[in-house]
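*Asks:* For reference, the file target.cif (mmCIF, C-alpha atoms and all ligand atoms) is included below:
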data_final
#
loop_
_atom_site.group_PDB
_atom_site.id
_atom_site.type_symbol
_atom_site.label_atom_id
_atom_site.label_comp_id
_atom_site.auth_asym_id
_atom_site.auth_seq_id
_atom_site.Cartn_x
_atom_site.Cartn_y
_atom_site.Cartn_z
ATOM 1 C CA MET A 4 18.614 91.505 32.698
ATOM 2 C CA ASN A 5 19.517 87.970 33.846
ATOM 3 C CA ASP A 6 17.699 86.271 36.732
ATOM 4 C CA ASN A 7 20.427 86.895 39.272
ATOM 5 C CA ALA A 8 20.734 90.602 38.426
ATOM 6 C CA LYS A 9 16.967 90.900 38.783
ATOM 7 C CA SER A 10 17.072 89.243 42.168
ATOM 8 C CA VAL A 11 19.933 91.470 43.388
ATOM 9 C CA ARG A 12 18.200 94.626 42.203
ATOM 10 C CA GLY A 13 14.943 93.495 43.729
ATOM 11 C CA TYR A 14 16.448 92.899 47.167
ATOM 12 C CA ASP A 15 18.409 96.144 46.914
ATOM 13 C CA ARG A 16 15.086 97.932 46.378
ATOM 14 C CA LEU A 17 13.351 96.046 49.161
ATOM 15 C CA ALA A 18 16.069 96.654 51.757
ATOM 16 C CA MET A 19 14.567 99.919 53.004
ATOM 17 C CA VAL A 20 10.998 98.653 53.240
ATOM 18 C CA TYR A 21 11.592 95.033 54.210
ATOM 19 C CA ARG A 22 10.796 95.375 57.920
ATOM 20 C CA GLY A 23 7.617 97.373 57.185
ATOM 21 C CA LEU A 24 6.454 94.692 54.749
ATOM 22 C CA GLU A 25 7.017 91.860 57.171
ATOM 23 C CA ILE A 26 5.172 93.700 59.938
ATOM 24 C CA CYS A 27 2.200 94.323 57.630
ATOM 25 C CA LEU A 28 1.966 90.631 56.770
ATOM 26 C CA PHE A 29 3.059 88.883 59.965
ATOM 27 C CA GLY A 30 3.430 91.420 62.775
ATOM 28 C CA ASN A 31 6.417 90.408 64.887
ATOM 29 C CA ALA A 32 6.141 86.706 64.091
ATOM 30 C CA LEU A 33 9.060 86.586 61.645
ATOM 31 C CA LEU A 34 11.386 88.226 64.128
ATOM 32 C CA ARG A 35 10.235 85.887 66.894
ATOM 33 C CA ALA A 36 10.841 82.904 64.609
ATOM 34 C CA ARG A 37 14.348 84.099 63.634
ATOM 35 C CA LEU A 38 15.454 84.481 67.212
ATOM 36 C CA ALA A 39 13.482 81.659 68.819
ATOM 37 C CA LEU A 40 16.431 79.362 69.556
ATOM 38 C CA MET A 41 19.255 81.866 69.543
ATOM 39 C CA ASP A 42 19.599 81.748 73.322
ATOM 40 C CA GLN A 43 19.861 77.946 73.260
ATOM 41 C CA LEU A 44 22.983 77.883 71.098
ATOM 42 C CA PRO A 45 26.206 76.849 72.818
ATOM 43 C CA PRO A 46 29.109 79.319 72.591
ATOM 44 C CA VAL A 47 30.460 79.124 69.037
ATOM 45 C CA GLY A 48 33.723 80.326 67.515
ATOM 46 C CA ARG A 49 32.862 80.674 63.839
ATOM 47 C CA ALA A 50 29.524 81.186 62.145
ATOM 48 C CA LEU A 51 28.334 81.477 58.563
ATOM 49 C CA VAL A 52 25.130 83.465 58.092
ATOM 50 C CA LEU A 53 23.445 83.129 54.697
ATOM 51 C CA GLY A 54 21.134 85.761 53.222
ATOM 52 C CA ASP A 55 20.429 87.618 56.461
ATOM 53 C CA GLY A 56 18.861 90.599 54.720
ATOM 54 C CA THR A 57 18.580 93.595 57.017
ATOM 55 C CA GLY A 58 20.649 91.866 59.705
ATOM 56 C CA ARG A 59 18.324 91.518 62.685
ATOM 57 C CA LEU A 60 19.389 87.952 63.322
ATOM 58 C CA LEU A 61 23.033 88.848 62.707
ATOM 59 C CA GLU A 62 22.825 91.636 65.281
ATOM 60 C CA GLN A 63 21.385 89.284 67.877
ATOM 61 C CA LEU A 64 23.990 86.646 67.083
ATOM 62 C CA CYS A 65 26.740 89.212 67.701
ATOM 63 C CA ILE A 66 25.177 90.026 71.077
ATOM 64 C CA THR A 67 24.587 86.453 72.240
ATOM 65 C CA GLN A 68 27.913 85.137 70.865
ATOM 66 C CA PRO A 69 30.483 87.747 71.912
ATOM 67 C CA ASP A 70 33.461 85.529 70.982
ATOM 68 C CA CYS A 71 32.207 84.469 67.586
ATOM 69 C CA ARG A 72 33.745 85.475 64.250
ATOM 70 C CA ILE A 73 30.942 85.708 61.711
ATOM 71 C CA THR A 74 30.909 85.521 57.919
ATOM 72 C CA SER A 75 27.716 86.960 56.481
ATOM 73 C CA VAL A 76 27.031 86.308 52.791
ATOM 74 C CA ASP A 77 24.310 88.175 50.948
ATOM 75 C CA GLN A 78 24.000 89.079 47.285
ATOM 76 C CA SER A 79 22.437 92.488 47.963
ATOM 77 C CA ARG A 80 24.688 95.484 48.635
ATOM 78 C CA GLN A 81 21.822 97.434 50.216
ATOM 79 C CA MET A 82 20.971 94.573 52.569
ATOM 80 C CA LEU A 83 24.646 94.320 53.536
ATOM 81 C CA ASN A 84 24.747 98.059 54.194
ATOM 82 C CA GLN A 85 21.931 97.604 56.684
ATOM 83 C CA GLN A 86 23.770 94.699 58.283
ATOM 84 C CA ARG A 87 26.885 96.853 58.551
ATOM 85 C CA ARG A 88 24.969 99.657 60.271
ATOM 86 C CA ARG A 89 23.451 97.306 62.830
ATOM 87 C CA VAL A 90 26.710 95.549 63.604
ATOM 88 C CA GLU A 91 28.646 98.806 63.775
ATOM 89 C CA ARG A 92 26.111 100.265 66.200
ATOM 90 C CA ILE A 93 26.781 97.482 68.696
ATOM 91 C CA GLY A 94 30.566 97.652 68.204
ATOM 92 C CA ALA A 95 30.919 94.226 66.582
ATOM 93 C CA LEU A 96 32.071 95.166 63.087
ATOM 94 C CA ASP A 97 35.633 93.978 63.700
ATOM 95 C CA ARG A 98 34.484 90.370 64.018
ATOM 96 C CA VAL A 99 32.008 90.289 61.137
ATOM 97 C CA ASP A 100 33.029 89.750 57.510
ATOM 98 C CA LEU A 101 30.315 91.018 55.200
ATOM 99 C CA ILE A 102 30.594 89.358 51.811
ATOM 100 C CA GLN A 103 28.579 90.336 48.771
ATOM 101 C CA ALA A 104 28.204 87.136 46.779
ATOM 102 C CA ASP A 105 25.728 84.775 45.222
ATOM 103 C CA ALA A 106 25.597 81.990 47.797
ATOM 104 C CA ARG A 107 25.251 79.469 44.951
ATOM 105 C CA SER A 108 28.759 80.255 43.809
ATOM 106 C CA TYR A 109 30.259 81.206 47.177
ATOM 107 C CA ASP A 110 33.039 78.775 47.967
ATOM 108 C CA VAL A 111 32.022 77.613 51.453
ATOM 109 C CA PRO A 112 35.151 76.518 53.362
ATOM 110 C CA LYS A 113 34.673 72.866 54.307
ATOM 111 C CA ASN A 114 34.530 71.726 57.912
ATOM 112 C CA HIS A 115 35.144 75.252 59.139
ATOM 113 C CA PHE A 116 32.105 76.673 60.961
ATOM 114 C CA ASP A 117 30.505 75.793 64.298
ATOM 115 C CA LEU A 118 27.247 77.284 63.110
ATOM 116 C CA VAL A 119 25.554 77.791 59.746
ATOM 117 C CA VAL A 120 22.435 79.977 59.741
ATOM 118 C CA ALA A 121 19.754 80.118 57.044
ATOM 119 C CA ALA A 122 16.723 82.219 58.000
ATOM 120 C CA PHE A 123 14.026 82.711 55.378
ATOM 121 C CA PHE A 124 16.762 82.047 52.858
ATOM 122 C CA LEU A 125 16.302 78.527 51.502
ATOM 123 C CA ASP A 126 12.858 79.496 50.235
ATOM 124 C CA CYS A 127 14.590 81.762 47.695
ATOM 125 C CA PHE A 128 15.688 78.718 45.680
ATOM 126 C CA SER A 129 14.164 76.100 43.439
ATOM 127 C CA GLU A 130 14.237 72.423 44.420
ATOM 128 C CA GLY A 131 17.052 71.780 41.949
ATOM 129 C CA GLU A 132 19.142 74.615 43.380
ATOM 130 C CA LEU A 133 18.516 73.366 46.908
ATOM 131 C CA ALA A 134 19.537 69.820 45.996
ATOM 132 C CA GLU A 135 22.797 71.193 44.628
ATOM 133 C CA ASN A 136 23.580 73.823 47.253
ATOM 134 C CA VAL A 137 22.243 72.708 50.645
ATOM 135 C CA PRO A 138 24.909 69.941 50.843
ATOM 136 C CA ARG A 139 27.580 72.563 50.043
ATOM 137 C CA PHE A 140 26.306 74.883 52.784
ATOM 138 C CA LEU A 141 26.208 72.018 55.293
ATOM 139 C CA ALA A 142 29.687 70.848 54.311
ATOM 140 C CA GLY A 143 30.898 74.102 55.871
ATOM 141 C CA LEU A 144 29.987 72.731 59.315
ATOM 142 C CA ARG A 145 32.474 71.039 61.588
ATOM 143 C CA ASP A 146 31.480 67.630 62.898
ATOM 144 C CA ASP A 147 29.636 68.837 65.994
ATOM 145 C CA GLY A 148 28.406 72.070 64.359
ATOM 146 C CA THR A 149 24.831 73.349 64.323
ATOM 147 C CA PHE A 150 22.613 74.152 61.359
ATOM 148 C CA TYR A 151 20.180 76.894 62.467
ATOM 149 C CA PHE A 152 17.173 76.749 60.183
ATOM 150 C CA VAL A 153 14.305 79.211 60.161
ATOM 151 C CA ASP A 154 11.739 79.287 57.390
ATOM 152 C CA PHE A 155 8.204 78.877 56.197
ATOM 153 C CA VAL A 156 6.945 75.332 56.318
ATOM 154 C CA TRP A 157 3.631 73.749 55.392
ATOM 155 C CA PRO A 158 1.420 73.406 58.489
ATOM 156 C CA SER A 159 -0.087 69.998 59.212
ATOM 157 C CA SER A 160 -3.760 70.907 59.765
ATOM 158 C CA THR A 161 -5.999 71.265 56.701
ATOM 159 C CA TRP A 162 -7.373 74.653 57.703
ATOM 160 C CA ARG A 163 -3.880 76.037 58.351
ATOM 161 C CA ARG A 164 -2.671 74.631 55.028
ATOM 162 C CA ARG A 165 -5.441 76.525 53.259
ATOM 163 C CA GLN A 166 -4.450 79.698 55.048
ATOM 164 C CA ALA A 167 -0.776 79.061 54.235
ATOM 165 C CA THR A 168 -1.635 78.500 50.574
ATOM 166 C CA ALA A 169 -3.237 81.958 50.407
ATOM 167 C CA TYR A 170 -0.324 83.689 52.157
ATOM 168 C CA GLN A 171 2.258 81.845 50.124
ATOM 169 C CA TRP A 172 0.454 82.634 46.878
ATOM 170 C CA LEU A 173 0.527 86.325 47.761
ATOM 171 C CA MET A 174 4.163 86.305 48.843
ATOM 172 C CA HIS A 175 5.353 84.322 45.839
ATOM 173 C CA ARG A 176 3.544 86.684 43.469
ATOM 174 C CA PHE A 177 5.098 89.651 45.198
ATOM 175 C CA PHE A 178 8.662 88.266 45.289
ATOM 176 C CA ARG A 179 8.349 86.981 41.737
ATOM 177 C CA TRP A 180 7.413 90.477 40.617
ATOM 178 C CA GLN A 181 10.106 92.221 42.656
ATOM 179 C CA THR A 182 13.006 89.748 42.594
ATOM 180 C CA GLY A 183 12.214 87.261 39.828
ATOM 181 C CA LEU A 184 11.761 84.427 42.361
ATOM 182 C CA PRO A 185 11.529 81.277 40.206
ATOM 183 C CA ASN A 186 9.189 79.341 42.524
ATOM 184 C CA ARG A 187 5.437 79.587 42.179
ATOM 185 C CA ARG A 188 4.728 77.994 45.526
ATOM 186 C CA LEU A 189 6.605 77.230 48.727
ATOM 187 C CA VAL A 190 9.125 74.473 48.164
ATOM 188 C CA ASP A 191 8.590 71.677 50.644
ATOM 189 C CA LEU A 192 11.700 72.450 52.686
ATOM 190 C CA ASP A 193 10.997 69.587 55.101
ATOM 191 C CA SER A 194 11.386 67.142 52.208
ATOM 192 C CA VAL A 195 14.603 68.858 51.124
ATOM 193 C CA LEU A 196 16.036 68.679 54.651
ATOM 194 C CA ALA A 197 14.937 65.058 55.013
ATOM 195 C CA THR A 198 17.466 64.100 52.314
ATOM 196 C CA GLN A 199 20.419 65.643 54.183
ATOM 197 C CA ASN A 200 21.503 63.314 57.025
ATOM 198 C CA LEU A 201 20.398 65.866 59.594
ATOM 199 C CA VAL A 202 19.582 65.104 63.201
ATOM 200 C CA LEU A 203 17.114 67.460 64.835
ATOM 201 C CA THR A 204 18.501 68.697 68.156
ATOM 202 C CA ASP A 205 16.096 71.500 69.041
ATOM 203 C CA SER A 206 12.862 72.933 67.717
ATOM 204 C CA ALA A 207 10.910 76.008 68.812
ATOM 205 C CA ASP A 208 7.417 75.352 70.078
ATOM 206 C CA ARG A 209 4.413 77.541 69.642
ATOM 207 C CA LEU A 210 5.745 79.621 66.807
ATOM 208 C CA HIS A 211 3.500 80.792 64.010
ATOM 209 C CA PRO A 212 1.912 77.669 62.408
ATOM 210 C CA MET A 213 3.591 78.485 59.077
ATOM 211 C CA MET A 214 7.079 78.935 60.508
ATOM 212 C CA ALA A 215 9.762 76.700 61.928
ATOM 213 C CA CYS A 216 12.929 77.440 63.855
ATOM 214 C CA ARG A 217 15.100 74.381 64.362
ATOM 215 C CA CYS A 218 18.647 73.335 65.185
ATOM 216 C CA TYR A 219 20.177 70.341 63.474
ATOM 217 C CA ARG A 220 23.465 68.495 63.523
ATOM 218 C CA VAL A 221 24.840 66.750 60.473
ATOM 219 C CA GLN A 222 25.362 63.022 60.835
ATOM 220 C CA ARG A 223 28.555 62.048 59.014
HETATM 221 C C1 LIG A 301 13.714 86.683 51.864
HETATM 222 S S1 LIG A 301 15.142 87.583 52.313
HETATM 223 C C2 LIG A 301 15.399 86.978 53.972
HETATM 224 C C3 LIG A 301 16.198 87.940 54.799
HETATM 225 C C4 LIG A 301 16.419 87.526 56.250
HETATM 226 N N1 LIG A 301 17.231 86.333 56.363
HETATM 227 C C5 LIG A 301 15.147 87.337 57.009
HETATM 228 O O1 LIG A 301 15.161 86.568 57.953
HETATM 229 O O2 LIG A 301 14.152 87.984 56.705
HETATM 230 C C6 LIG A 301 16.373 86.755 51.422
HETATM 231 C C7 LIG A 301 17.757 87.326 51.592
HETATM 232 O O3 LIG A 301 18.658 86.449 50.936
HETATM 233 C C8 LIG A 301 19.408 87.156 49.984
HETATM 234 N N2 LIG A 301 19.597 86.241 48.841
HETATM 235 C C9 LIG A 301 18.652 85.743 48.020
HETATM 236 N N3 LIG A 301 19.208 84.948 47.082
HETATM 237 C C10 LIG A 301 20.538 84.948 47.341
HETATM 238 C C11 LIG A 301 21.650 84.332 46.740
HETATM 239 N N4 LIG A 301 21.525 83.550 45.659
HETATM 240 N N5 LIG A 301 22.871 84.546 47.257
HETATM 241 C C12 LIG A 301 23.035 85.356 48.349
HETATM 242 N N6 LIG A 301 22.027 85.982 48.952
HETATM 243 C C13 LIG A 301 20.786 85.778 48.467
HETATM 244 C C14 LIG A 301 18.610 88.384 49.615
HETATM 245 O O4 LIG A 301 19.431 89.423 49.158
HETATM 246 C C15 LIG A 301 17.947 88.705 50.944
HETATM 247 O O5 LIG A 301 18.758 89.496 51.749
#
Show how you would write the structure in this file as structure tokens.
Ligand SMILES: C[S@@+](CC[C@H](N)C(=O)[O-])C[C@H]1O[C@@H](n2cnc3c(N)ncnc32)[C@H](O)[C@@H]1O
*Replies:*
Amino acid sequence: MNDNAKSVRGYDRLAMVYRGLEICLFGNALLRARLALMDQLPPVGRALVLGDGTGRLLEQLCITQPDCRITSVDQSRQMLNQQRRRVERIGALDRVDLIQADARSYDVPKNHFDLVVAAFFLDCFSEGELAENVPRFLAGLRDDGTFYFVDFVWPSSTWRRRQATAYQWLMHRFFRWQTGLPNRRLVDLDSVLATQNLVLTDSADRLHPMMACRCYRVQR
């Protein structure tokens, strides 16, 4: 089985237990992080949501952005099925396009979206893949568009970094086993983002020390 097929099958398997797993490890902190700045977003017309998994963020985006047309790309059919159920339940299916695709080969329309969302998604990729693909994802944004970033980051304090190292070791082992995740440790996403001409416009305070939720604009 190639790496991508392993990843797809892994996330298909995890779809039903994903929420239970995250609660065991982090309680409600992941959900809080995903939604932390959702209410601060201006009204947007078109959004691209990458790798939203079971669709909790997508559901909230549909609720807070009632006039937004959303494209949601995920490689996993089972994750997309969960997204469909959530979106259908709140009557928003007619304005959400659910696309099963590998985001690395998904042809992101340039200069098209007001909002691009990546929540706990960029950490699925190696540094090389991020260097190649993050600029493609961001190229989908219109000039005044927002990049909504939520993910694990390395905390600044030494004690928290030790704690993060233990958590990340556990999570990387688990996702490597289940999905063939290539990384052995958390990629330094702050360094990746620092290479992207991004201007930070909003950042959530007092989240979990290992998590960040931020809004950026691209400087062109
Ligand atoms: C770690 S989960 C995160 C799910 C969700 N965004 C969250 O906040 O928990 C990663 C999600 O990205 C999807 N994914 C991983 N690699 C992908 C790829 N190359 N292309 C598209 N989707 C991918 C997985 O199927 C899964 O739904």
*Asks:* Report the residues retrieved by the PyMOL selection byres (((chain A and resi 129) around 12) and not hetatm) from the displayed file, expressed as number ranges by chain.
*Replies:* A: 107, 124-128, 130-137, 183-192, 195
*Asks:* Compute the set of protein, DNA and RNA residues whose minimum atom distance to ligand LIG 301 (chain A) is at most 9 Å, using all atoms listed in the file, and state it as a PDB file with C-alpha atoms, in the frame of the given file.
*Replies:*
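To be explicit, this is the file written out as pocket.pdb:
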ATOM      1  CA  ASN A   7      20.427  86.895  39.272  1.00  0.00           C
ATOM      2  CA  SER A  10      17.072  89.243  42.168  1.00  0.00           C
ATOM      3  CA  VAL A  11      19.933  91.470  43.388  1.00  0.00           C
ATOM      4  CA  ARG A  12      18.200  94.626  42.203  1.00  0.00           C
ATOM      5  CA  GLY A  13      14.943  93.495  43.729  1.00  0.00           C
ATOM      6  CA  TYR A  14      16.448  92.899  47.167  1.00  0.00           C
ATOM      7  CA  ASP A  15      18.409  96.144  46.914  1.00  0.00           C
ATOM      8  CA  LEU A  17      13.351  96.046  49.161  1.00  0.00           C
ATOM      9  CA  ALA A  18      16.069  96.654  51.757  1.00  0.00           C
ATOM     10  CA  TYR A  21      11.592  95.033  54.210  1.00  0.00           C
ATOM     11  CA  ARG A  22      10.796  95.375  57.920  1.00  0.00           C
ATOM     12  CA  GLU A  25       7.017  91.860  57.171  1.00  0.00           C
ATOM     13  CA  LEU A  33       9.060  86.586  61.645  1.00  0.00           C
ATOM     14  CA  LEU A  34      11.386  88.226  64.128  1.00  0.00           C
ATOM     15  CA  ALA A  36      10.841  82.904  64.609  1.00  0.00           C
ATOM     16  CA  ARG A  37      14.348  84.099  63.634  1.00  0.00           C
ATOM     17  CA  VAL A  52      25.130  83.465  58.092  1.00  0.00           C
ATOM     18  CA  LEU A  53      23.445  83.129  54.697  1.00  0.00           C
ATOM     19  CA  GLY A  54      21.134  85.761  53.222  1.00  0.00           C
ATOM     20  CA  ASP A  55      20.429  87.618  56.461  1.00  0.00           C
ATOM     21  CA  GLY A  56      18.861  90.599  54.720  1.00  0.00           C
ATOM     22  CA  THR A  57      18.580  93.595  57.017  1.00  0.00           C
ATOM     23  CA  GLY A  58      20.649  91.866  59.705  1.00  0.00           C
ATOM     24  CA  ARG A  59      18.324  91.518  62.685  1.00  0.00           C
ATOM     25  CA  LEU A  60      19.389  87.952  63.322  1.00  0.00           C
ATOM     26  CA  LEU A  61      23.033  88.848  62.707  1.00  0.00           C
ATOM     27  CA  VAL A  76      27.031  86.308  52.791  1.00  0.00           C
ATOM     28  CA  ASP A  77      24.310  88.175  50.948  1.00  0.00           C
ATOM     29  CA  GLN A  78      24.000  89.079  47.285  1.00  0.00           C
ATOM     30  CA  SER A  79      22.437  92.488  47.963  1.00  0.00           C
ATOM     31  CA  ARG A  80      24.688  95.484  48.635  1.00  0.00           C
ATOM     32  CA  GLN A  81      21.822  97.434  50.216  1.00  0.00           C
ATOM     33  CA  MET A  82      20.971  94.573  52.569  1.00  0.00           C
ATOM     34  CA  LEU A  83      24.646  94.320  53.536  1.00  0.00           C
ATOM     35  CA  GLN A 103      28.579  90.336  48.771  1.00  0.00           C
ATOM     36  CA  ALA A 104      28.204  87.136  46.779  1.00  0.00           C
ATOM     37  CA  ASP A 105      25.728  84.775  45.222  1.00  0.00           C
ATOM     38  CA  ALA A 106      25.597  81.990  47.797  1.00  0.00           C
ATOM     39  CA  ARG A 107      25.251  79.469  44.951  1.00  0.00           C
ATOM     40  CA  SER A 108      28.759  80.255  43.809  1.00  0.00           C
ATOM     41  CA  TYR A 109      30.259  81.206  47.177  1.00  0.00           C
ATOM     42  CA  VAL A 120      22.435  79.977  59.741  1.00  0.00           C
ATOM     43  CA  ALA A 121      19.754  80.118  57.044  1.00  0.00           C
ATOM     44  CA  ALA A 122      16.723  82.219  58.000  1.00  0.00           C
ATOM     45  CA  PHE A 123      14.026  82.711  55.378  1.00  0.00           C
ATOM     46  CA  PHE A 124      16.762  82.047  52.858  1.00  0.00           C
ATOM     47  CA  LEU A 125      16.302  78.527  51.502  1.00  0.00           C
ATOM     48  CA  ASP A 126      12.858  79.496  50.235  1.00  0.00           C
ATOM     49  CA  CYS A 127      14.590  81.762  47.695  1.00  0.00           C
ATOM     50  CA  PHE A 128      15.688  78.718  45.680  1.00  0.00           C
ATOM     51  CA  VAL A 153      14.305  79.211  60.161  1.00  0.00           C
ATOM     52  CA  ASP A 154      11.739  79.287  57.390  1.00  0.00           C
ATOM     53  CA  PHE A 178       8.662  88.266  45.289  1.00  0.00           C
ATOM     54  CA  THR A 182      13.006  89.748  42.594  1.00  0.00           C
ATOM     55  CA  LEU A 184      11.761  84.427  42.361  1.00  0.00           C
TER      56      LEU A 184
END
*Asks:* Between A:Cys27, A:Thr74, A:Leu201, A:Met174, which has the minimum distance to A:Tyr219 (counting all atoms listed in the file)?
*Replies:*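 Smallest distance to A:Tyr219 is found for A:Leu201.
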*Asks:* Which residues would end up in the selection if the PyMOL selection byres (((chain A and resi 93-98) around 7) and not hetatm) were applied here, given that I need the answer as a PyMOL selection string?
*Replies:* chain A and resi 65+72-73+89-92+99-100
*Asks:* Would you output that residue set with C-alpha atoms, as a compact mmCIF listing (two decimals), keeping the file's coordinate frame?
*Replies:*
# COMPACT_ATOMS: atom_id res chain seq x y z
CA CYS A 65 26.74 89.21 67.70
CA ARG A 72 33.74 85.48 64.25
CA ILE A 73 30.94 85.71 61.71
CA ARG A 89 23.45 97.31 62.83
CA VAL A 90 26.71 95.55 63.60
CA GLU A 91 28.65 98.81 63.78
CA ARG A 92 26.11 100.26 66.20
CA VAL A 99 32.01 90.29 61.14
CA ASP A 100 33.03 89.75 57.51
*Asks:* Let me have the centre and edge lengths in Å, one decimal, of the box along x, y and z around every listed atom of stretch 126-143 of chain A with 3 Å of margin on each side, as AutoDock Vina command-line options.
*Replies:*
--center_x 21.9 --center_y 75.8 --center_z 48.9 --size_x 24.0 --size_y 17.9 --size_z 19.9
*Asks:* With distances taken over only C-alpha atoms, which residue among A:Gly23, A:Pro212, A:Gly143, A:Gly48 lies nearest A:Asp110?
*Replies:*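 Of A:Gly23, A:Pro212, A:Gly143, A:Gly48, the one nearest A:Asp110, counting only C-alpha atoms, is A:Gly143.
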*Asks:* Could you give me, as a list in words, the residues that have an atom at most 12 Å away from the point (-0.7, 82.6, 53.1) in the coordinates of the file, using all atoms listed in the file?
*Replies:*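 Answer for this query, in the requested form: Leu28, Phe29, Phe155, Val156, Trp157, Pro158, Trp162, Arg163, Arg164, Arg165, Gln166, Ala167, Thr168, Ala169, Tyr170, Gln171, Trp172, Leu173, Met174, His175, Arg176, Arg188, Leu189, His211, Pro212, Met213 and Met214 of chain A.
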*Asks:* Any chance you could export the current selection's C-alpha atoms as a short mmCIF file (atom, residue, chain, number, x, y, z; two decimals), in the coordinates of the input?
*Replies:*
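New file out35.cif:
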data_model
loop_
_atom_site.label_atom_id
_atom_site.label_comp_id
_atom_site.auth_asym_id
_atom_site.auth_seq_id
_atom_site.Cartn_x
_atom_site.Cartn_y
_atom_site.Cartn_z
CA LEU A 28 1.97 90.63 56.77
CA PHE A 29 3.06 88.88 59.96
CA PHE A 155 8.20 78.88 56.20
CA VAL A 156 6.94 75.33 56.32
CA TRP A 157 3.63 73.75 55.39
CA PRO A 158 1.42 73.41 58.49
CA TRP A 162 -7.37 74.65 57.70
CA ARG A 163 -3.88 76.04 58.35
CA ARG A 164 -2.67 74.63 55.03
CA ARG A 165 -5.44 76.53 53.26
CA GLN A 166 -4.45 79.70 55.05
CA ALA A 167 -0.78 79.06 54.24
CA THR A 168 -1.64 78.50 50.57
CA ALA A 169 -3.24 81.96 50.41
CA TYR A 170 -0.32 83.69 52.16
CA GLN A 171 2.26 81.84 50.12
CA TRP A 172 0.45 82.63 46.88
CA LEU A 173 0.53 86.32 47.76
CA MET A 174 4.16 86.30 48.84
CA HIS A 175 5.35 84.32 45.84
CA ARG A 176 3.54 86.68 43.47
CA ARG A 188 4.73 77.99 45.53
CA LEU A 189 6.60 77.23 48.73
CA HIS A 211 3.50 80.79 64.01
CA PRO A 212 1.91 77.67 62.41
CA MET A 213 3.59 78.48 59.08
CA MET A 214 7.08 78.94 60.51
#
*Asks:* Rounded to one decimal, what separation in Å do you get between atom CA of A:Ala50 and atom CA of A:Leu118?
*Replies:*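 Atom CA of A:Ala50 sits 4.6 Å away from atom CA of A:Leu118.
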*Asks:* Work out how far apart atom CA of A:Tyr151 and atom CA of A:Cys216 are and give it in Å to one decimal.
*Replies:* 7.4 Å
*Asks:* Using all atoms listed in the file, which residue out of A:Met41, A:Phe116, A:Gln86, A:Phe177 lies closest to A:Leu24?
*Replies:* A:Phe177
*Asks:* For a test of reading the model, state the distance in Å between atom CA of A:Asp146 and atom CA of A:Asp208, rounded to one decimal.
*Replies:*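 A separation of 26.3 Å between them.
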*Asks:* Using all atoms listed in the file, which of the listed residues (A:Pro46, A:Asn5, A:Arg16, A:Leu144) sits closest to A:Gln181?
*Replies:*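 With all atoms listed in the file as the atom set, the closest residue is A:Arg16.
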*Asks:* Which is closest to A:Thr204 among A:Val20, A:Leu51, A:Leu101, A:Leu44, if we use only C-alpha atoms?
*Replies:* A:Leu44
*Asks:* Restricting the calculation to only C-alpha atoms: of A:Ser206, A:Thr149, A:Gln222, A:Ser160, which residue gets closest to A:Ala39?
*Replies:*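 Checking each of A:Ser206, A:Thr149, A:Gln222, A:Ser160 against A:Ala39, counting only C-alpha atoms, the winner is A:Ser206.
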